Structures are given as C-alpha cells and as structure tokens.
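Quick look at final33.csv (CSV, C-alpha atoms):
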```csv
chain,number,residue,atom,x,y,z
P,76,MET,CA,50.2,100.8,103.2
P,77,GLN,CA,47.8,99.2,105.6
P,78,HIS,CA,45.1,99.0,102.9
P,79,ALA,CA,47.4,97.4,100.3
P,80,ALA,CA,48.5,94.8,102.8
P,81,SER,CA,44.9,94.0,103.6
P,82,PHE,CA,44.0,93.6,99.9
P,83,ARG,CA,47.0,91.2,99.3
P,84,SER,CA,45.9,89.1,102.2
P,85,GLU,CA,42.4,88.8,100.8
P,86,LEU,CA,43.8,87.7,97.4
P,87,ASP,CA,45.9,85.1,99.1
P,88,SER,CA,42.8,83.7,100.9
P,89,PRO,CA,41.5,80.3,99.8
P,90,LYS,CA,38.0,81.6,99.0
P,91,MET,CA,39.3,84.2,96.6
P,92,ALA,CA,41.5,81.7,94.9
P,93,ASP,CA,38.5,79.4,94.2
P,94,LEU,CA,36.5,82.3,92.8
P,95,LEU,CA,39.2,83.4,90.4
P,96,GLY,CA,39.7,79.8,89.4
P,97,SER,CA,36.1,79.3,88.5
P,98,ILE,CA,36.0,82.6,86.5
P,99,LEU,CA,39.1,81.6,84.5
P,100,SER,CA,37.7,78.0,83.8
P,101,SER,CA,34.4,79.4,82.6
P,102,MET,CA,36.1,81.7,80.1
P,103,GLU,CA,36.4,80.2,76.5
P,104,LYS,CA,39.9,79.1,75.8
P,105,PRO,CA,41.5,80.5,72.6
P,106,PRO,CA,41.1,77.9,69.7
P,107,THR,CA,44.1,75.8,68.9
P,108,VAL,CA,45.4,75.3,65.4
P,109,HIS,CA,43.9,71.8,65.3
P,110,ASN,CA,40.4,73.0,66.2
P,111,GLN,CA,40.5,75.8,63.7
P,112,GLU,CA,41.4,73.3,60.9
P,113,SER,CA,38.5,71.0,61.9
P,114,ARG,CA,36.0,73.8,61.8
P,115,ARG,CA,37.2,74.9,58.5
P,116,LYS,CA,36.9,71.4,57.0
P,117,ALA,CA,33.4,71.1,58.5
P,118,ARG,CA,32.3,74.4,56.9
P,119,GLU,CA,33.7,73.4,53.5
P,120,GLN,CA,32.0,70.0,53.6
P,121,ALA,CA,28.6,71.6,54.5
P,122,ALA,CA,29.0,74.0,51.7
P,123,ARG,CA,29.8,71.2,49.2
P,124,LEU,CA,26.7,69.2,50.4
P,125,LYS,CA,24.5,72.2,50.0
P,126,LYS,CA,25.9,72.8,46.5
P,127,LEU,CA,25.3,69.1,45.5
P,128,GLU,CA,21.7,69.3,46.8
P,129,GLU,CA,21.1,72.5,44.8
P,130,ASP,CA,22.7,70.9,41.7
P,131,GLU,CA,20.5,67.8,42.1
P,132,LYS,CA,17.4,69.8,42.5
P,133,ARG,CA,18.3,71.9,39.4
P,134,LYS,CA,18.9,68.8,37.4
P,135,LYS,CA,15.6,67.3,38.4
P,136,THR,CA,13.8,70.5,37.4
P,137,GLU,CA,15.5,70.6,34.1
P,138,PHE,CA,14.8,66.9,33.4
P,139,ARG,CA,11.2,67.4,34.2
P,140,ARG,CA,10.8,70.3,31.9
P,141,LYS,CA,12.5,68.3,29.1
P,142,MET,CA,10.1,65.4,29.6
P,143,GLU,CA,7.1,67.7,29.7
P,144,LYS,CA,8.2,69.1,26.3
P,145,GLU,CA,8.8,65.6,24.8
P,146,VAL,CA,5.5,64.3,26.1
P,147,SER,CA,3.6,67.3,24.8
P,148,ASP,CA,5.2,66.8,21.3
P,149,PHE,CA,4.3,63.1,21.5
P,150,ILE,CA,0.7,63.9,22.2
P,151,GLN,CA,0.4,66.4,19.4
P,152,ASP,CA,1.9,64.1,16.9
P,153,SER,CA,-1.1,62.1,15.5
P,154,LYS,CA,1.1,59.7,13.7
P,155,LEU,CA,2.6,58.3,16.9
P,156,GLN,CA,0.9,55.7,19.1
P,157,LYS,CA,3.7,54.9,21.5
P,158,LYS,CA,7.1,56.2,22.5
P,159,LYS,CA,10.1,54.3,23.8
P,160,TYR,CA,12.8,55.9,25.8
P,161,ASN,CA,16.4,54.9,26.3
P,162,PRO,CA,17.3,53.2,29.7
P,163,MET,CA,17.4,55.7,32.5
P,164,GLY,CA,17.8,55.8,36.3
P,165,LYS,CA,15.1,55.2,38.9
P,166,ILE,CA,14.7,58.9,39.7
P,167,GLU,CA,14.4,59.8,36.0
P,168,ARG,CA,11.8,57.0,35.4
P,169,SER,CA,9.8,58.2,38.4
P,170,ILE,CA,9.7,61.7,37.0
P,171,LEU,CA,8.7,60.5,33.6
P,172,HIS,CA,5.9,58.3,35.0
P,173,ASP,CA,4.6,61.3,36.9
P,174,VAL,CA,4.7,63.6,33.8
P,175,ALA,CA,2.9,60.9,31.7
P,176,GLU,CA,0.2,60.4,34.4
P,177,VAL,CA,-0.5,64.2,34.5
P,178,ALA,CA,-0.7,64.2,30.7
P,179,GLY,CA,-3.2,61.3,30.6
P,180,LEU,CA,-0.9,58.7,29.1
P,181,SER,CA,-0.2,55.1,30.0
P,182,SER,CA,3.4,54.4,31.0
P,183,PHE,CA,5.2,51.1,31.7
P,184,SER,CA,8.8,50.2,32.7
P,185,PHE,CA,10.5,47.2,31.1
P,186,GLY,CA,13.9,45.6,31.5
P,187,GLU,CA,15.5,42.8,33.5
P,188,ASP,CA,18.1,44.7,35.6
P,189,GLU,CA,18.3,48.3,36.8
P,190,GLU,CA,20.7,49.4,34.2
P,191,SER,CA,18.6,48.2,31.2
P,192,ARG,CA,15.2,49.4,32.4
P,193,TYR,CA,13.4,51.8,30.2
P,194,VAL,CA,10.0,53.5,29.9
P,195,MET,CA,7.4,53.3,27.2
P,196,LEU,CA,4.5,55.7,26.8
P,197,PHE,CA,1.2,54.8,25.1
P,198,LYS,CA,-1.7,57.0,24.2
P,199,LYS,CA,-5.0,56.0,25.8
P,200,GLU,CA,-6.7,55.2,22.6
P,201,PHE,CA,-3.8,52.8,21.7
P,202,ALA,CA,-3.4,51.1,25.0
P,203,PRO,CA,-1.3,47.9,24.7
P,204,SER,CA,-2.9,44.5,25.0
P,205,ASP,CA,-1.8,41.9,27.5
P,206,GLU,CA,0.1,40.0,24.7
P,207,GLU,CA,2.0,43.1,23.8
P,208,LEU,CA,3.0,43.9,27.3
P,209,GLU,CA,4.1,40.2,27.8
P,210,ALA,CA,6.3,40.5,24.7
P,211,TYR,CA,8.0,43.6,26.1
P,212,ARG,CA,8.5,42.0,29.5
P,213,LYS,CA,10.3,39.1,27.7
P,214,GLY,CA,12.5,41.5,25.9
P,215,GLU,CA,10.9,40.8,22.5
P,216,GLU,CA,9.8,43.2,19.8
P,217,TRP,CA,6.0,43.5,19.2
P,218,ASP,CA,4.9,42.7,15.7
P,219,PRO,CA,1.1,43.2,15.2
P,220,GLN,CA,1.0,41.1,12.0
P,221,LYS,CA,2.6,38.1,13.6
P,222,ALA,CA,0.4,38.5,16.7
P,223,GLU,CA,-2.7,38.5,14.4
P,224,GLU,CA,-1.4,35.4,12.6
P,225,ARG,CA,-0.9,33.6,15.9
P,226,ARG,CA,-4.3,34.6,17.1
P,227,ARG,CA,-5.9,33.1,13.9
P,228,LEU,CA,-3.9,29.9,14.3
P,229,LYS,CA,-5.2,29.6,17.8
P,230,GLU,CA,-8.8,30.1,16.8
P,231,LYS,CA,-8.4,27.6,14.0
P,232,ALA,CA,-6.9,25.0,16.3
P,233,ALA,CA,-9.7,25.5,18.8
P,234,LEU,CA,-12.4,25.1,16.0
P,235,GLU,CA,-10.7,21.9,14.8
P,236,MET,CA,-10.6,20.5,18.3
P,237,GLU,CA,-14.3,21.3,18.8
P,238,ALA,CA,-15.2,19.6,15.5
P,239,ALA,CA,-13.2,16.6,16.4
P,240,SER,CA,-14.9,16.2,19.7
P,241,HIS,CA,-18.3,16.3,18.0
P,242,SER,CA,-17.3,13.7,15.3
P,243,VAL,CA,-16.4,11.0,17.9
P,244,LYS,CA,-18.6,7.9,17.3
P,245,ARG,CA,-21.2,7.4,20.0
P,246,PRO,CA,-23.0,4.1,20.8
P,247,ALA,CA,-25.9,3.4,18.6
P,248,SER,CA,-29.3,4.0,20.1
P,249,PRO,CA,-32.7,3.0,18.7
P,250,ASN,CA,-34.8,5.6,17.0
P,251,SER,CA,-37.8,4.9,19.1
P,252,ASN,CA,-38.2,3.7,22.7
P,253,TYR,CA,-40.0,0.4,22.9
P,254,ARG,CA,-41.2,1.2,26.4
P,255,ASP,CA,-43.1,4.2,25.1
P,256,LYS,CA,-44.3,2.3,22.1
P,257,TYR,CA,-45.7,-0.6,24.2
P,258,SER,CA,-46.5,1.3,27.3
P,259,HIS,CA,-50.2,0.4,26.9
P,260,LEU,CA,-49.2,-3.2,27.2
P,261,ILE,CA,-46.3,-3.3,29.7
P,262,GLY,CA,-47.0,-0.1,31.6
P,263,THR,CA,-44.7,2.8,32.1
P,264,SER,CA,-41.8,0.7,33.4
P,265,ALA,CA,-40.4,-2.5,31.9
P,266,ALA,CA,-40.7,-5.8,33.7
P,267,LYS,CA,-37.0,-6.0,34.0
P,268,ASP,CA,-36.8,-2.6,35.8
P,269,ALA,CA,-39.8,-3.5,38.0
P,270,ALA,CA,-38.6,-7.0,39.0
P,271,HIS,CA,-37.0,-7.5,42.4
P,272,THR,CA,-34.2,-10.0,43.0
P,273,LEU,CA,-35.5,-12.9,44.9
P,274,GLU,CA,-33.1,-14.5,47.3
P,275,ALA,CA,-33.7,-17.9,48.9
P,276,ASN,CA,-34.7,-17.7,52.5
P,277,GLN,CA,-33.8,-21.0,54.1
P,278,ALA,CA,-36.0,-20.3,57.1
P,279,TYR,CA,-39.1,-20.5,55.0
P,280,GLY,CA,-37.9,-23.2,52.7
P,281,CYS,CA,-37.9,-21.1,49.5
P,282,VAL,CA,-36.4,-22.7,46.5
P,283,PRO,CA,-34.4,-20.5,44.1
P,284,VAL,CA,-36.1,-20.0,40.7
P,285,ALA,CA,-33.1,-21.5,39.0
P,286,ASN,CA,-33.7,-24.9,40.7
P,287,LYS,CA,-37.4,-24.9,39.4
P,288,ARG,CA,-36.5,-24.7,35.7
P,289,ASP,CA,-37.2,-27.8,33.6
P,290,THR,CA,-34.1,-28.6,31.7
P,291,ARG,CA,-35.6,-31.6,29.8
P,292,SER,CA,-36.4,-31.5,26.1
P,293,ILE,CA,-40.0,-31.7,24.9
P,294,GLU,CA,-39.6,-35.3,23.7
P,295,GLU,CA,-38.2,-36.4,27.1
P,296,ALA,CA,-41.1,-34.7,28.8
P,297,MET,CA,-43.7,-36.4,26.5
P,298,ASN,CA,-42.2,-39.8,27.0
P,299,GLU,CA,-42.2,-39.4,30.8
P,300,ILE,CA,-45.9,-38.3,30.6
P,301,ARG,CA,-46.8,-41.4,28.5
P,302,ALA,CA,-45.0,-43.6,30.9
P,303,LYS,CA,-46.9,-42.2,33.9
P,304,LYS,CA,-50.2,-42.7,32.1
P,305,ARG,CA,-49.4,-46.4,31.3
P,306,GLN,CA,-48.3,-46.9,34.9
P,307,LYS,CA,-51.5,-45.4,36.2
P,308,LYS,CA,-53.6,-47.4,33.7
P,309,GLY,CA,-51.9,-50.6,34.8
P,310,GLU,CA,-52.4,-49.9,38.4
P,311,GLU,CA,-56.1,-49.3,37.8
P,312,GLU,CA,-56.5,-52.6,35.8
P,313,GLY,CA,-54.8,-54.5,38.6
P,314,ALA,CA,-57.1,-53.0,41.2
P,315,GLY,CA,-60.2,-54.0,39.1
P,316,SER,CA,-59.1,-57.6,38.7
P,317,GLY,CA,-58.3,-57.9,42.4
P,318,SER,CA,-61.7,-56.8,43.4
P,319,GLY,CA,-63.4,-59.3,41.1
P,320,VAL,CA,-61.7,-62.3,42.7
```

For the structure just supplied, provide its representation as structure tokens.
Amino acid sequence: MQHAASFRSELDSPKMADLLGSILSSMEKPPTVHNQESRRKAREQAARLKKLEEDEKRKKTEFRRKMEKEVSDFIQDSKLQKKKYNPMGKIERSILHDVAEVAGLSSFSFGEDEESRYVMLFKKEFAPSDEELEAYRKGEEWDPQKAEERRRLKEKAALEMEAASHSVKRPASPNSNYRDKYSHLIGTSAAKDAAHTLEANQAYGCVPVANKRDTRSIEEAMNEIRAKKRQKKGEEEGAGSGSGV
C-alpha cells in the first residue's frame, strides 16, 4: 500500500508529466484519411510519370531503328540520290540527323514553321548545290533542267555585256607619236610640256607676253617703216643744209 501510493505520487509530479508528454509527442500519429488519400495519389502520379518516360524511351528506340533501316535501304539503292521525308517533330528530326551523320550522309531540314519542317538526305557524291538548297528553302521544287537553262542564260548575258563594253567607241588616237618621231629635233619632251607659265611681276616691271604681240598687218608695218625712213632722211637733209649756211 505504501509503495503504490508512492508510485502514484511520482506519476502526478510535474517532471514525470513532462517526460510522458514528450514521449507521446515524438510518437508518429496514426495517418488520417486525408493523408492516406494524398499519398495514394502521389504514388499513382509517380507511377504514371515513370510509365510515360519508359514509353517515350521505347518510342525513340523504335523510331531510331526504323530510321536506321530506311537509311540503310537508301544507301544500298544505287538509283536514289536523295530522299525526302514527311514533316516530323523536332525530336524525330534530331534522331534522323544523327543516324544520317553516322551513315555518312548529308542531311538538311527545310520548312517555314515547326509543323511543316521536314528532312532531306543526300548521298555524298550527289551533294546539293547552293542553288538547289536555296530552292528548297524557298519551298520550291528543284528542276535540274531549268536550273541548267538559267545558268546558260546568265552566262550568255554576261558574255553579251562584256562584248558590249569592248565595242564602246573610244576617242581616236594617232597611230604614231609625233614626240617620238621628232625627238631628235624637239627633245624627249614637247615645248608645250616644258614651258612654264610666266606671270607678270610688277616689282621688276615685267610686261606680259600678250602685250608684246604685234597686232598690225604686214602692209601697215611696211608703211610705218617707210614713213620712218622718209622722216629720218628729211631730218638728215635739213641738218646738212643748216650746216652749210
């Protein structure tokens, strides 16, 4: 009796109550109905995601095997030079480009928007020209015969332009150079090229050449000379008669 009372008193003490409370709080509470439902949904969602990833991986593997088979058939067919695929998604195009690179082929993607983009494969010995690639980028069909015809027309137009540039009339030039012909007389340079322009220097009283030119006619000059002679003769006769007186 005394021991039982002592034990009850220990349980009723504050220290023991705190110890029991901490033990109970540390124990995991039983899951409620709401928590059980949330965990179930999380497990189902994780399972679905895993299945989707596995399906995606399986589809990629199957698509790659399919492309490897088609690329191999394309290489073995000597009649084919290029192969055009239907529009496909970005992942599929990436796989096809990788398969073509491993097989030693040239591959290009064409198309304006994502939904219409497609892949074309070319054998190395039949690599496309820049004009052919430009036609595909514009959404046009490539016709080798029309391309050859356009190339010939361009060459013809270029030749005609070159011929026209050579046929343009040029200023006439003498067959022989008079400077070389008469170099023993006028030297290696013409007088016109060797002459220097003379400008009048007022400080030294230089007269421009234009002012020294005689603009009189021959007849006027001869009459003036005769008049001067008669005047001089008259002056001499007058001086002789004056000395005799």

What gap, in Å, lies between CA of Arg192 in chain P and CA of Lys165 in chain P? 8.7 Å

Distance in Å - CA of Met195 in chain P versus CA of Tyr160 in chain P: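 Pair CA of Met195 in chain P / CA of Tyr160 in chain P returns 6.2 Å.
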
Computed gap from CA of Glu237 in chain P to CA of Pro219 in chain P is 27.0 Å

Have a look at P:Lys116, P:Ile170, P:Asp188, P:Gln156 and name the one nearest to Arg140 in chain P; count only C-alpha atoms.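 Nearest to Arg140 in chain P: P:Ile170.
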
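Using all atoms listed in the file, the nearest neighbour of Ala202 in chain P within the list P:Ser181, P:Asn161, P:Asn298, P:Gln220 is P:Ser181.
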
P:Ser292, P:Glu206, P:Lys154, P:Glu145: which is nearest Glu223 in chain P, counting only C-alpha atoms?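 Closest residue, counting only C-alpha atoms: P:Glu206.
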
Spatial sel., origin (7.1, 61.9, 33.5), limit 12 Å, only C-alpha atoms, listed as a ChimeraX atom specification: /P:135-136,138-147,160,165-184,194-196

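The closest residue to Pro162 in chain P, picked from P:Glu187, P:Glu299, P:Ala232, P:Arg115 and counting all atoms listed in the file, is P:Glu187.
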